[in-house]
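Data from upload24.pdb: PDB, C-alpha atoms and all ligand atoms
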```pdb
MODEL        1
ATOM      1  CA  MET A   1      69.014-147.649  40.635
ATOM      2  CA  THR A   2      67.187-148.586  37.446
ATOM      3  CA  GLY A   3      65.285-151.633  38.691
ATOM      4  CA  PHE A   4      66.958-153.661  35.928
ATOM      5  CA  GLU A   5      69.571-156.298  36.552
ATOM      6  CA  LYS A   6      72.146-156.578  33.756
ATOM      7  CA  THR A   7      72.494-159.889  31.953
ATOM      8  CA  PRO A   8      75.156-161.911  33.834
ATOM      9  CA  GLY A   9      78.605-161.356  32.348
ATOM     10  CA  TRP A  10      77.508-158.162  30.595
ATOM     11  CA  LEU A  11      80.483-156.008  29.632
ATOM     12  CA  ASP A  12      79.999-152.264  30.052
ATOM     13  CA  TRP A  13      81.248-149.810  27.449
ATOM     14  CA  GLN A  14      84.690-148.294  28.018
ATOM     15  CA  ALA A  15      84.314-145.072  29.950
ATOM     16  CA  ASP A  16      87.734-143.777  28.978
ATOM     17  CA  PRO A  17      88.475-144.558  25.309
ATOM     18  CA  GLY A  18      91.766-143.432  23.786
ATOM     19  CA  HIS A  19      92.097-140.415  21.547
ATOM     20  CA  PRO A  20      92.191-141.648  17.956
ATOM     21  CA  ARG A  21      95.436-141.060  16.098
ATOM     22  CA  PHE A  22      93.521-140.886  12.856
ATOM     23  CA  ARG A  23      91.721-137.560  12.451
ATOM     24  CA  VAL A  24      88.411-138.145  10.767
ATOM     25  CA  PRO A  25      87.399-135.722   7.998
ATOM     26  CA  GLU A  26      85.203-132.855   9.040
ATOM     27  CA  GLY A  27      81.537-133.791   9.283
ATOM     28  CA  ALA A  28      82.130-137.512   9.885
ATOM     29  CA  VAL A  29      79.100-139.598  10.857
ATOM     30  CA  ASP A  30      78.847-142.527  13.245
ATOM     31  CA  ALA A  31      76.141-144.326  11.272
ATOM     32  CA  HIS A  32      75.549-147.170  13.706
ATOM     33  CA  CYS A  33      75.244-146.643  17.425
ATOM     34  CA  HIS A  34      72.644-147.169  20.128
ATOM     35  CA  VAL A  35      71.310-145.749  23.350
ATOM     36  CA  PHE A  36      70.263-148.013  26.221
ATOM     37  CA  GLY A  37      67.773-146.399  28.552
ATOM     38  CA  PRO A  38      68.682-145.143  31.034
ATOM     39  CA  GLY A  39      66.420-147.882  32.315
ATOM     40  CA  ALA A  40      64.886-145.699  35.008
ATOM     41  CA  GLU A  41      63.680-143.259  32.369
ATOM     42  CA  PHE A  42      63.177-145.530  29.372
ATOM     43  CA  PRO A  43      62.430-149.044  30.654
ATOM     44  CA  PHE A  44      63.718-152.015  28.694
ATOM     45  CA  ALA A  45      61.109-154.057  26.820
ATOM     46  CA  PRO A  46      59.538-157.100  28.477
ATOM     47  CA  GLU A  47      60.267-159.210  25.372
ATOM     48  CA  ARG A  48      64.016-158.369  25.348
ATOM     49  CA  LYS A  49      66.610-161.131  25.108
ATOM     50  CA  TYR A  50      69.208-159.283  27.178
ATOM     51  CA  THR A  51      69.367-156.508  29.737
ATOM     52  CA  PRO A  52      72.167-154.039  29.068
ATOM     53  CA  CYS A  53      73.920-151.455  31.174
ATOM     54  CA  ASP A  54      72.680-147.908  30.769
ATOM     55  CA  ALA A  55      74.151-145.950  27.867
ATOM     56  CA  SER A  56      72.531-142.550  27.662
ATOM     57  CA  LYS A  57      72.318-139.977  24.903
ATOM     58  CA  ASP A  58      74.680-137.727  26.861
ATOM     59  CA  ASP A  59      77.253-140.520  27.019
ATOM     60  CA  LEU A  60      76.805-141.021  23.269
ATOM     61  CA  PHE A  61      77.213-137.345  22.432
ATOM     62  CA  ARG A  62      80.305-137.159  24.667
ATOM     63  CA  LEU A  63      81.838-140.050  22.756
ATOM     64  CA  ARG A  64      80.950-138.390  19.439
ATOM     65  CA  ASP A  65      82.844-135.263  20.455
ATOM     66  CA  HIS A  66      85.772-137.189  21.919
ATOM     67  CA  LEU A  67      86.267-139.107  18.673
ATOM     68  CA  GLY A  68      85.997-135.969  16.536
ATOM     69  CA  LEU A  69      82.763-137.095  14.897
ATOM     70  CA  ALA A  70      80.004-134.694  13.942
ATOM     71  CA  ARG A  71      76.818-136.741  13.761
ATOM     72  CA  ASN A  72      75.153-139.974  14.841
ATOM     73  CA  VAL A  73      72.648-142.404  13.411
ATOM     74  CA  VAL A  74      71.014-143.974  16.450
ATOM     75  CA  VAL A  75      69.643-147.433  15.777
ATOM     76  CA  GLN A  76      66.884-148.879  17.925
ATOM     77  CA  ALA A  77      68.309-151.802  19.907
ATOM     78  CA  THR A  78      66.261-154.939  20.485
ATOM     79  CA  CYS A  79      66.314-154.457  24.265
ATOM     80  CA  HIS A  80      63.850-151.598  23.726
ATOM     81  CA  GLY A  81      61.503-153.631  21.515
ATOM     82  CA  ALA A  82      59.226-151.354  19.472
ATOM     83  CA  ASP A  83      59.258-148.554  22.046
ATOM     84  CA  ASN A  84      61.422-145.965  20.331
ATOM     85  CA  SER A  85      61.222-143.362  23.117
ATOM     86  CA  ALA A  86      64.904-143.457  24.068
ATOM     87  CA  VAL A  87      65.982-143.032  20.438
ATOM     88  CA  VAL A  88      63.493-140.242  19.845
ATOM     89  CA  ASP A  89      64.646-138.497  23.012
ATOM     90  CA  ALA A  90      68.242-138.658  21.747
ATOM     91  CA  LEU A  91      67.272-137.350  18.313
ATOM     92  CA  ARG A  92      65.343-134.436  19.775
ATOM     93  CA  ALA A  93      68.200-133.521  22.088
ATOM     94  CA  SER A  94      70.789-133.643  19.307
ATOM     95  CA  GLY A  95      69.916-130.339  17.656
ATOM     96  CA  GLY A  96      69.668-132.027  14.275
ATOM     97  CA  LEU A  97      72.975-133.862  14.660
ATOM     98  CA  ALA A  98      71.359-137.284  14.968
ATOM     99  CA  ARG A  99      69.019-139.299  12.795
ATOM    100  CA  GLY A 100      67.386-142.559  13.801
ATOM    101  CA  VAL A 101      66.375-146.039  12.764
ATOM    102  CA  ALA A 102      63.302-147.364  14.574
ATOM    103  CA  THR A 103      61.548-150.645  15.178
ATOM    104  CA  VAL A 104      57.863-150.460  14.329
ATOM    105  CA  ARG A 105      54.967-152.878  14.268
ATOM    106  CA  PRO A 106      52.626-152.960  11.262
ATOM    107  CA  ASP A 107      49.752-151.444  13.229
ATOM    108  CA  ILE A 108      51.625-148.344  14.371
ATOM    109  CA  PRO A 109      49.246-145.363  14.231
ATOM    110  CA  ASP A 110      49.904-142.836  11.481
ATOM    111  CA  ALA A 111      50.374-140.033  13.976
ATOM    112  CA  GLU A 112      53.176-141.984  15.645
ATOM    113  CA  LEU A 113      54.951-142.633  12.336
ATOM    114  CA  ARG A 114      54.735-138.948  11.535
ATOM    115  CA  GLU A 115      56.146-138.108  14.943
ATOM    116  CA  LEU A 116      59.064-140.490  14.392
ATOM    117  CA  HIS A 117      59.755-138.852  11.057
ATOM    118  CA  GLU A 118      59.632-135.366  12.536
ATOM    119  CA  ALA A 119      62.052-136.444  15.264
ATOM    120  CA  GLY A 120      64.531-137.607  12.602
ATOM    121  CA  VAL A 121      63.813-141.297  12.046
ATOM    122  CA  ARG A 122      64.658-142.295   8.471
ATOM    123  CA  GLY A 123      64.447-146.080   8.547
ATOM    124  CA  VAL A 124      63.241-149.213  10.288
ATOM    125  CA  ARG A 125      65.301-152.190  11.288
ATOM    126  CA  PHE A 126      64.439-155.809  10.487
ATOM    127  CA  ASN A 127      66.453-158.072  12.721
ATOM    128  CA  PHE A 128      66.903-161.682  11.650
ATOM    129  CA  VAL A 129      69.466-162.651  14.287
ATOM    130  CA  LYS A 130      67.787-165.422  16.229
ATOM    131  CA  ARG A 131      69.489-164.799  19.569
ATOM    132  CA  LEU A 132      68.154-161.224  19.540
ATOM    133  CA  VAL A 133      64.512-161.494  18.494
ATOM    134  CA  ASP A 134      61.710-163.951  17.837
ATOM    135  CA  ALA A 135      61.141-164.266  14.102
ATOM    136  CA  ALA A 136      58.531-161.863  12.732
ATOM    137  CA  PRO A 137      56.093-163.183  10.127
ATOM    138  CA  ARG A 138      57.137-162.037   6.650
ATOM    139  CA  GLN A 139      53.661-160.582   6.142
ATOM    140  CA  ASP A 140      54.232-158.256   9.103
ATOM    141  CA  LEU A 141      57.468-157.055   7.553
ATOM    142  CA  TRP A 142      55.724-156.446   4.245
ATOM    143  CA  ASP A 143      53.063-154.470   6.034
ATOM    144  CA  VAL A 144      55.705-152.355   7.774
ATOM    145  CA  VAL A 145      57.368-151.615   4.433
ATOM    146  CA  GLU A 146      54.059-150.464   3.043
ATOM    147  CA  ARG A 147      53.622-148.108   5.982
ATOM    148  CA  ILE A 148      57.093-146.567   5.837
ATOM    149  CA  ALA A 149      57.572-146.309   2.061
ATOM    150  CA  PRO A 150      55.585-143.054   1.771
ATOM    151  CA  TYR A 151      58.058-141.406   4.161
ATOM    152  CA  GLY A 152      61.005-142.289   1.928
ATOM    153  CA  TRP A 153      62.509-144.457   4.666
ATOM    154  CA  HIS A 154      64.811-147.430   4.137
ATOM    155  CA  VAL A 155      65.057-150.821   5.841
ATOM    156  CA  VAL A 156      68.137-151.725   7.855
ATOM    157  CA  VAL A 157      68.656-155.478   7.908
ATOM    158  CA  TYR A 158      70.685-157.456  10.404
ATOM    159  CA  PHE A 159      71.407-161.091   9.554
ATOM    160  CA  GLU A 160      74.225-163.605   9.777
ATOM    161  CA  ALA A 161      76.109-164.884   6.722
ATOM    162  CA  ALA A 162      74.704-168.393   7.044
ATOM    163  CA  ASP A 163      71.152-167.041   6.688
ATOM    164  CA  LEU A 164      71.664-164.960   3.563
ATOM    165  CA  ALA A 165      70.750-167.739   1.129
ATOM    166  CA  ASP A 166      67.336-168.150   2.776
ATOM    167  CA  LEU A 167      66.714-164.422   3.065
ATOM    168  CA  ARG A 168      68.071-163.227  -0.275
ATOM    169  CA  ASP A 169      64.900-163.360  -2.387
ATOM    170  CA  PHE A 170      62.771-161.859   0.351
ATOM    171  CA  LEU A 171      65.216-159.014   0.941
ATOM    172  CA  LEU A 172      65.573-158.285  -2.751
ATOM    173  CA  SER A 173      61.805-158.018  -3.066
ATOM    174  CA  ILE A 174      61.598-155.173  -0.528
ATOM    175  CA  PRO A 175      60.843-152.098  -2.650
ATOM    176  CA  VAL A 176      62.788-149.517  -0.624
ATOM    177  CA  PRO A 177      66.543-149.109  -0.134
ATOM    178  CA  LEU A 178      68.244-151.639   2.148
ATOM    179  CA  VAL A 179      71.127-151.083   4.543
ATOM    180  CA  VAL A 180      72.991-154.195   5.696
ATOM    181  CA  ASP A 181      74.464-154.188   9.186
ATOM    182  CA  HIS A 182      78.008-155.336   9.814
ATOM    183  CA  MET A 183      78.690-156.703   6.305
ATOM    184  CA  GLY A 184      76.128-159.438   6.848
ATOM    185  CA  ARG A 185      78.322-160.854   9.628
ATOM    186  CA  PRO A 186      80.882-162.841   7.630
ATOM    187  CA  ASP A 187      82.869-165.629   9.227
ATOM    188  CA  VAL A 188      86.260-163.935   8.943
ATOM    189  CA  THR A 189      88.155-167.164   9.509
ATOM    190  CA  LYS A 190      87.088-167.973   5.950
ATOM    191  CA  ASP A 191      88.641-166.624   2.765
ATOM    192  CA  PRO A 192      87.516-163.062   1.891
ATOM    193  CA  ASP A 193      87.716-164.191  -1.755
ATOM    194  CA  GLY A 194      85.847-167.433  -1.037
ATOM    195  CA  PRO A 195      82.290-168.415  -1.969
ATOM    196  CA  GLU A 196      80.566-167.267   1.244
ATOM    197  CA  PHE A 197      81.694-163.661   1.094
ATOM    198  CA  GLU A 198      81.362-163.687  -2.690
ATOM    199  CA  ALA A 199      77.675-164.557  -2.199
ATOM    200  CA  PHE A 200      77.344-161.516   0.026
ATOM    201  CA  LEU A 201      79.059-159.240  -2.507
ATOM    202  CA  ASP A 202      76.805-160.675  -5.150
ATOM    203  CA  PHE A 203      73.807-159.718  -3.033
ATOM    204  CA  LEU A 204      75.117-156.136  -2.876
ATOM    205  CA  ARG A 205      75.573-156.186  -6.658
ATOM    206  CA  ALA A 206      71.956-157.260  -7.179
ATOM    207  CA  ARG A 207      70.605-153.739  -6.631
ATOM    208  CA  PRO A 208      72.243-150.312  -6.647
ATOM    209  CA  ASP A 209      70.288-149.221  -3.558
ATOM    210  CA  ILE A 210      71.686-151.772  -1.127
ATOM    211  CA  TRP A 211      74.025-150.060   1.301
ATOM    212  CA  CYS A 212      76.476-151.786   3.606
ATOM    213  CA  LYS A 213      77.882-150.880   7.007
ATOM    214  CA  VAL A 214      81.519-151.893   7.293
ATOM    215  CA  SER A 215      81.146-151.915  11.044
ATOM    216  CA  CYS A 216      81.752-154.151  14.025
ATOM    217  CA  PRO A 217      85.294-155.456  13.501
ATOM    218  CA  GLU A 218      85.382-156.097  17.254
ATOM    219  CA  ARG A 219      82.364-158.390  16.927
ATOM    220  CA  LEU A 220      83.561-160.184  13.812
ATOM    221  CA  SER A 221      87.249-160.584  14.577
ATOM    222  CA  ALA A 222      88.678-163.922  15.634
ATOM    223  CA  VAL A 223      92.087-162.425  16.493
ATOM    224  CA  GLY A 224      90.899-159.427  18.495
ATOM    225  CA  PRO A 225      92.675-156.130  19.060
ATOM    226  CA  PRO A 226      96.461-155.861  19.140
ATOM    227  CA  ALA A 227      98.186-156.282  22.470
ATOM    228  CA  LEU A 228      99.662-152.833  22.011
ATOM    229  CA  ARG A 229      97.427-150.213  20.571
ATOM    230  CA  GLY A 230      98.296-149.577  16.928
ATOM    231  CA  GLU A 231     100.675-152.530  16.483
ATOM    232  CA  PRO A 232      99.861-154.448  14.391
ATOM    233  CA  ALA A 233      96.614-153.304  12.736
ATOM    234  CA  PRO A 234      93.698-153.860  15.108
ATOM    235  CA  TYR A 235      91.205-156.598  14.251
ATOM    236  CA  ARG A 236      93.344-157.261  11.168
ATOM    237  CA  ASP A 237      91.408-160.361  10.083
ATOM    238  CA  VAL A 238      88.359-158.183   9.343
ATOM    239  CA  VAL A 239      90.290-155.706   7.192
ATOM    240  CA  PRO A 240      90.316-157.628   3.869
ATOM    241  CA  PHE A 241      86.540-158.156   4.073
ATOM    242  CA  ALA A 242      85.782-154.519   4.815
ATOM    243  CA  ARG A 243      88.256-153.308   2.220
ATOM    244  CA  ARG A 244      86.669-155.368  -0.536
ATOM    245  CA  VAL A 245      83.296-153.818   0.240
ATOM    246  CA  VAL A 246      84.651-150.267   0.508
ATOM    247  CA  GLU A 247      86.579-150.526  -2.742
ATOM    248  CA  GLU A 248      83.773-152.031  -4.822
ATOM    249  CA  PHE A 249      80.828-150.139  -3.300
ATOM    250  CA  SER A 250      82.470-146.876  -2.311
ATOM    251  CA  ASP A 251      79.323-144.841  -2.910
ATOM    252  CA  ARG A 252      77.121-146.926  -0.592
ATOM    253  CA  VAL A 253      79.219-147.905   2.394
ATOM    254  CA  LEU A 254      78.705-146.560   5.901
ATOM    255  CA  TRP A 255      80.787-146.769   9.059
ATOM    256  CA  GLY A 256      79.775-146.826  12.703
ATOM    257  CA  THR A 257      81.134-147.544  16.149
ATOM    258  CA  ASP A 258      78.294-149.806  17.307
ATOM    259  CA  TRP A 259      78.720-148.142  20.708
ATOM    260  CA  PRO A 260      77.851-149.258  23.403
ATOM    261  CA  HIS A 261      78.660-152.639  21.887
ATOM    262  CA  PRO A 262      75.882-154.936  23.113
ATOM    263  CA  ASN A 263      76.444-158.591  23.871
ATOM    264  CA  LEU A 264      80.215-158.708  23.676
ATOM    265  CA  THR A 265      81.297-161.350  26.119
ATOM    266  CA  HIS A 266      85.088-161.436  25.821
ATOM    267  CA  HIS A 267      86.312-157.938  25.373
ATOM    268  CA  MET A 268      85.092-154.377  25.041
ATOM    269  CA  PRO A 269      86.752-152.319  22.321
ATOM    270  CA  ASP A 270      88.432-148.996  22.758
ATOM    271  CA  ASP A 271      86.357-146.756  20.488
ATOM    272  CA  GLY A 272      89.459-144.716  19.672
ATOM    273  CA  LEU A 273      90.967-147.866  18.220
ATOM    274  CA  LEU A 274      87.903-148.430  16.058
ATOM    275  CA  VAL A 275      88.408-144.969  14.559
ATOM    276  CA  ASP A 276      92.074-145.768  14.001
ATOM    277  CA  MET A 277      91.030-148.718  11.852
ATOM    278  CA  VAL A 278      89.334-146.544   9.259
ATOM    279  CA  PRO A 279      92.472-145.944   7.155
ATOM    280  CA  ASP A 280      93.027-149.723   7.038
ATOM    281  CA  ILE A 281      89.629-150.352   5.511
ATOM    282  CA  ALA A 282      89.409-147.171   3.419
ATOM    283  CA  PRO A 283      92.962-146.616   2.219
ATOM    284  CA  THR A 284      92.618-143.268   0.404
ATOM    285  CA  PRO A 285      91.352-139.871   1.566
ATOM    286  CA  GLU A 286      88.669-139.997  -1.128
ATOM    287  CA  LEU A 287      87.355-143.360   0.105
ATOM    288  CA  ARG A 288      87.398-142.136   3.686
ATOM    289  CA  ARG A 289      85.429-139.030   2.799
ATOM    290  CA  ARG A 290      82.789-141.096   1.049
ATOM    291  CA  LEU A 291      82.577-143.633   3.868
ATOM    292  CA  LEU A 292      82.457-141.178   6.748
ATOM    293  CA  VAL A 293      80.817-138.085   5.291
ATOM    294  CA  ASP A 294      79.344-138.128   1.777
ATOM    295  CA  ASN A 295      77.464-141.429   1.948
ATOM    296  CA  PRO A 296      75.832-141.090   5.374
ATOM    297  CA  MET A 297      74.951-137.477   4.617
ATOM    298  CA  ARG A 298      73.275-138.506   1.352
ATOM    299  CA  LEU A 299      71.242-141.202   3.102
ATOM    300  CA  TYR A 300      70.346-139.443   6.349
ATOM    301  CA  TRP A 301      70.698-135.691   5.722
ATOM    302  CA  PRO A 302      69.939-135.334   1.993
ATOM    303  CA  GLU A 303      68.515-131.877   2.608
ATOM    304  CA  ALA A 304      71.986-130.660   3.653
ATOM    305  CA  ASP A 305      73.205-130.915   0.046
TER     306      ASP A 305
HETATM  307  C1  LIG B 401      74.450-154.458  17.142
HETATM  308  C2  LIG B 401      74.545-155.876  17.400
HETATM  309  C3  LIG B 401      73.852-156.604  18.315
HETATM  310  C4  LIG B 401      72.676-156.206  19.005
HETATM  311  C5  LIG B 401      71.699-155.445  18.522
HETATM  312  O1  LIG B 401      69.635-154.426  18.599
HETATM  313  C6  LIG B 401      70.406-155.161  19.191
HETATM  314  O2  LIG B 401      70.170-155.688  20.267
HETATM  315  O3  LIG B 401      71.819-154.873  17.350
HETATM  316  C7  LIG B 401      74.358-157.956  18.581
HETATM  317  O4  LIG B 401      74.139-158.469  19.696
HETATM  318  O5  LIG B 401      75.002-158.541  17.671
HETATM  319  O6  LIG B 401      74.369-154.021  16.003
HETATM  320  O7  LIG B 401      74.424-153.707  18.072
ENDMDL
END
```
Can you dump the structure from the file as structure tokens?
Ligand code: 0GY
Amino acid sequence: MTGFEKTPGWLDWQADPGHPRFRVPEGAVDAHCHVFGPGAEFPFAPERKYTPCDASKDDLFRLRDHLGLARNVVVQATCHGADNSAVVDALRASGGLARGVATVRPDIPDAELRELHEAGVRGVRFNFVKRLVDAAPRQDLWDVVERIAPYGWHVVVYFEAADLADLRDFLLSIPVPLVVDHMGRPDVTKDPDGPEFEAFLDFLRARPDIWCKVSCPERLSAVGPPALRGEPAPYRDVVPFARRVVEEFSDRVLWGTDWPHPNLTHHMPDDGLLVDMVPDIAPTPELRRRLLVDNPMRLYWPEAD
């Protein structure tokens, strides 16, 4: 009993995902995943916009092993606000196999920032998705950047395609590397060669230190998974978008499961199927190695080189 009531209609993560048919290269990183609570131990934030099911670090590490992955990047979810305790707990328990992305306020004490860094945090997340957070004043975001820059951290940004035009100049003025979640959430019913996605690619071209997660096909897809696993390609409408990004920006793309998949209302993906999609979006062994191993290691474990 956590004392928290899940948001009505909340879909829990799949407890029994399939074994992927695709074997990931050794050392593969899930560069976008979360932990939720458990609420009894790490209470959800009063300002949250949703209340999830529990999804503990042990559940996450079990999934990592089941999928054949080696490491995780655990991203602070909005349901925990700026209390990064659950993420830090996961990082500390991982034996160096997890790094983190935190949410911090501009007035965070120095000692706390240092503690986050020592635990394995390497970035902060700025979330511009209106259903998830109240908008933060730009000045606050600037102040956060100033605080984290000395640690060599980056900023992970989550926005929807329709908001890129408004955000572009602000994002490009942030003087640390950027990592864009979920390809900037394109509308995949549109043309992958059309003006909207071209504007996103153009944003990536604007600076060589803007990274992109080719994640969340299950969230972006309008056609969903195949009726039968593996036939035809799962979430196939997302593939041309992800492939364009992987092929043009092969040295700064990242992949992640997005487990435990918050706020999906229609269907919960089989994480094995998400792994099986990798060869569709990264068609050669070289591209797959960059996407799953080389790039995330360079960004999150540079000392391992
Ligand atoms: C994701 C996507 C979502 C949620 C969050 O922090 C969050 O609450 O990121 C979403 O609802 O689209 O990346 O997990």
What residues come out when you apply the PyMOL selection byres (((chain A and resi 265) around 9) and not hetatm) to this file, written as a PyMOL selection string? chain A and resi 9-11+262-264+266-268
With C-alpha atoms kept, could you save the residues just selected as a short mmCIF file (atom, residue, chain, number, x, y, z; two decimals), in the frame of the given file?
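File produced: selection-v2.cif:
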```cif
data_model
loop_
_atom_site.label_atom_id
_atom_site.label_comp_id
_atom_site.auth_asym_id
_atom_site.auth_seq_id
_atom_site.Cartn_x
_atom_site.Cartn_y
_atom_site.Cartn_z
CA GLY A 9 78.60 -161.36 32.35
CA TRP A 10 77.51 -158.16 30.60
CA LEU A 11 80.48 -156.01 29.63
CA PRO A 262 75.88 -154.94 23.11
CA ASN A 263 76.44 -158.59 23.87
CA LEU A 264 80.22 -158.71 23.68
CA HIS A 266 85.09 -161.44 25.82
CA HIS A 267 86.31 -157.94 25.37
CA MET A 268 85.09 -154.38 25.04
#
```
Radius query 8 Å about (69.3, -136.3, 12.9), atoms used: all atoms listed in the file, as a PDB file with C-alpha atoms, in the coordinates of the input:
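Printed below is out-v5.pdb as written:
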```pdb
ATOM      1  CA  ARG A  71      76.818-136.741  13.761  1.00  0.00           C
ATOM      2  CA  ASN A  72      75.153-139.974  14.841  1.00  0.00           C
ATOM      3  CA  VAL A  73      72.648-142.404  13.411  1.00  0.00           C
ATOM      4  CA  LEU A  91      67.272-137.350  18.313  1.00  0.00           C
ATOM      5  CA  SER A  94      70.789-133.643  19.307  1.00  0.00           C
ATOM      6  CA  GLY A  95      69.916-130.339  17.656  1.00  0.00           C
ATOM      7  CA  GLY A  96      69.668-132.027  14.275  1.00  0.00           C
ATOM      8  CA  LEU A  97      72.975-133.862  14.660  1.00  0.00           C
ATOM      9  CA  ALA A  98      71.359-137.284  14.968  1.00  0.00           C
ATOM     10  CA  ARG A  99      69.019-139.299  12.795  1.00  0.00           C
ATOM     11  CA  GLY A 100      67.386-142.559  13.801  1.00  0.00           C
ATOM     12  CA  ALA A 119      62.052-136.444  15.264  1.00  0.00           C
ATOM     13  CA  GLY A 120      64.531-137.607  12.602  1.00  0.00           C
ATOM     14  CA  VAL A 121      63.813-141.297  12.046  1.00  0.00           C
ATOM     15  CA  TYR A 300      70.346-139.443   6.349  1.00  0.00           C
ATOM     16  CA  TRP A 301      70.698-135.691   5.722  1.00  0.00           C
TER      17      TRP A 301
END
```
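CA of Val74 (chain A) is positioned 6.5 Å from CA of Val87 (chain A).
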Of the residues A:Glu5, A:Ala199, A:Ala282, A:Trp259, which is the one nearest to Val239 (chain A), using all atoms listed in the file?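 Among the listed residues, the smallest separation from Val239 (chain A) belongs to A:Ala282.
Shortest separation to ligand LIG 401 (chain B) among A:Ser56, A:Thr7, A:Ser173, A:Gln76 occurs at residue A:Gln76, atoms counted being only C-alpha atoms and all ligand atoms.
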Output the neighbourhood of ligand LIG 401 (chain B) as a CSV table (one decimal) with C-alpha atoms, in the coordinates of the input, that is, all protein and nucleic acid residues with some atom at most 10 Å from the ligand, counting all atoms listed in the file.
```csv
chain,number,residue,atom,x,y,z
A,32,HIS,CA,75.5,-147.2,13.7
A,33,CYS,CA,75.2,-146.6,17.4
A,34,HIS,CA,72.6,-147.2,20.1
A,36,PHE,CA,70.3,-148.0,26.2
A,48,ARG,CA,64.0,-158.4,25.3
A,49,LYS,CA,66.6,-161.1,25.1
A,50,TYR,CA,69.2,-159.3,27.2
A,51,THR,CA,69.4,-156.5,29.7
A,52,PRO,CA,72.2,-154.0,29.1
A,75,VAL,CA,69.6,-147.4,15.8
A,76,GLN,CA,66.9,-148.9,17.9
A,77,ALA,CA,68.3,-151.8,19.9
A,78,THR,CA,66.3,-154.9,20.5
A,79,CYS,CA,66.3,-154.5,24.3
A,80,HIS,CA,63.8,-151.6,23.7
A,81,GLY,CA,61.5,-153.6,21.5
A,103,THR,CA,61.5,-150.6,15.2
A,125,ARG,CA,65.3,-152.2,11.3
A,126,PHE,CA,64.4,-155.8,10.5
A,127,ASN,CA,66.5,-158.1,12.7
A,129,VAL,CA,69.5,-162.7,14.3
A,131,ARG,CA,69.5,-164.8,19.6
A,132,LEU,CA,68.2,-161.2,19.5
A,133,VAL,CA,64.5,-161.5,18.5
A,157,VAL,CA,68.7,-155.5,7.9
A,158,TYR,CA,70.7,-157.5,10.4
A,159,PHE,CA,71.4,-161.1,9.6
A,160,GLU,CA,74.2,-163.6,9.8
A,181,ASP,CA,74.5,-154.2,9.2
A,182,HIS,CA,78.0,-155.3,9.8
A,185,ARG,CA,78.3,-160.9,9.6
A,215,SER,CA,81.1,-151.9,11.0
A,216,CYS,CA,81.8,-154.2,14.0
A,219,ARG,CA,82.4,-158.4,16.9
A,220,LEU,CA,83.6,-160.2,13.8
A,256,GLY,CA,79.8,-146.8,12.7
A,257,THR,CA,81.1,-147.5,16.1
A,258,ASP,CA,78.3,-149.8,17.3
A,259,TRP,CA,78.7,-148.1,20.7
A,260,PRO,CA,77.9,-149.3,23.4
A,261,HIS,CA,78.7,-152.6,21.9
A,262,PRO,CA,75.9,-154.9,23.1
A,263,ASN,CA,76.4,-158.6,23.9
A,264,LEU,CA,80.2,-158.7,23.7
```
Can you turn the PyMOL selection byres (((chain A and resi 171) around 12) and not hetatm) into a concrete residue list for this file, as a ChimeraX atom specification? /A:126-128,138,141-142,145,155-159,163-170,172-180,203-204,206-207,209-210
Next, dump the selected residues to file, keeping only C-alpha atoms, as a tab-separated table (two decimals), in the coordinates of the input.
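Done, and the output landed in selection35.tsv:
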```
chain	number	residue	atom	x	y	z
A	126	PHE	CA	64.44	-155.81	10.49
A	127	ASN	CA	66.45	-158.07	12.72
A	128	PHE	CA	66.90	-161.68	11.65
A	138	ARG	CA	57.14	-162.04	6.65
A	141	LEU	CA	57.47	-157.06	7.55
A	142	TRP	CA	55.72	-156.45	4.24
A	145	VAL	CA	57.37	-151.62	4.43
A	155	VAL	CA	65.06	-150.82	5.84
A	156	VAL	CA	68.14	-151.72	7.86
A	157	VAL	CA	68.66	-155.48	7.91
A	158	TYR	CA	70.68	-157.46	10.40
A	159	PHE	CA	71.41	-161.09	9.55
A	163	ASP	CA	71.15	-167.04	6.69
A	164	LEU	CA	71.66	-164.96	3.56
A	165	ALA	CA	70.75	-167.74	1.13
A	166	ASP	CA	67.34	-168.15	2.78
A	167	LEU	CA	66.71	-164.42	3.06
A	168	ARG	CA	68.07	-163.23	-0.28
A	169	ASP	CA	64.90	-163.36	-2.39
A	170	PHE	CA	62.77	-161.86	0.35
A	172	LEU	CA	65.57	-158.28	-2.75
A	173	SER	CA	61.80	-158.02	-3.07
A	174	ILE	CA	61.60	-155.17	-0.53
A	175	PRO	CA	60.84	-152.10	-2.65
A	176	VAL	CA	62.79	-149.52	-0.62
A	177	PRO	CA	66.54	-149.11	-0.13
A	178	LEU	CA	68.24	-151.64	2.15
A	179	VAL	CA	71.13	-151.08	4.54
A	180	VAL	CA	72.99	-154.20	5.70
A	203	PHE	CA	73.81	-159.72	-3.03
A	204	LEU	CA	75.12	-156.14	-2.88
A	206	ALA	CA	71.96	-157.26	-7.18
A	207	ARG	CA	70.60	-153.74	-6.63
A	209	ASP	CA	70.29	-149.22	-3.56
A	210	ILE	CA	71.69	-151.77	-1.13
```
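The space between CA of Asp280 (chain A) and CA of Ala162 (chain A) spans 26.2 Å.
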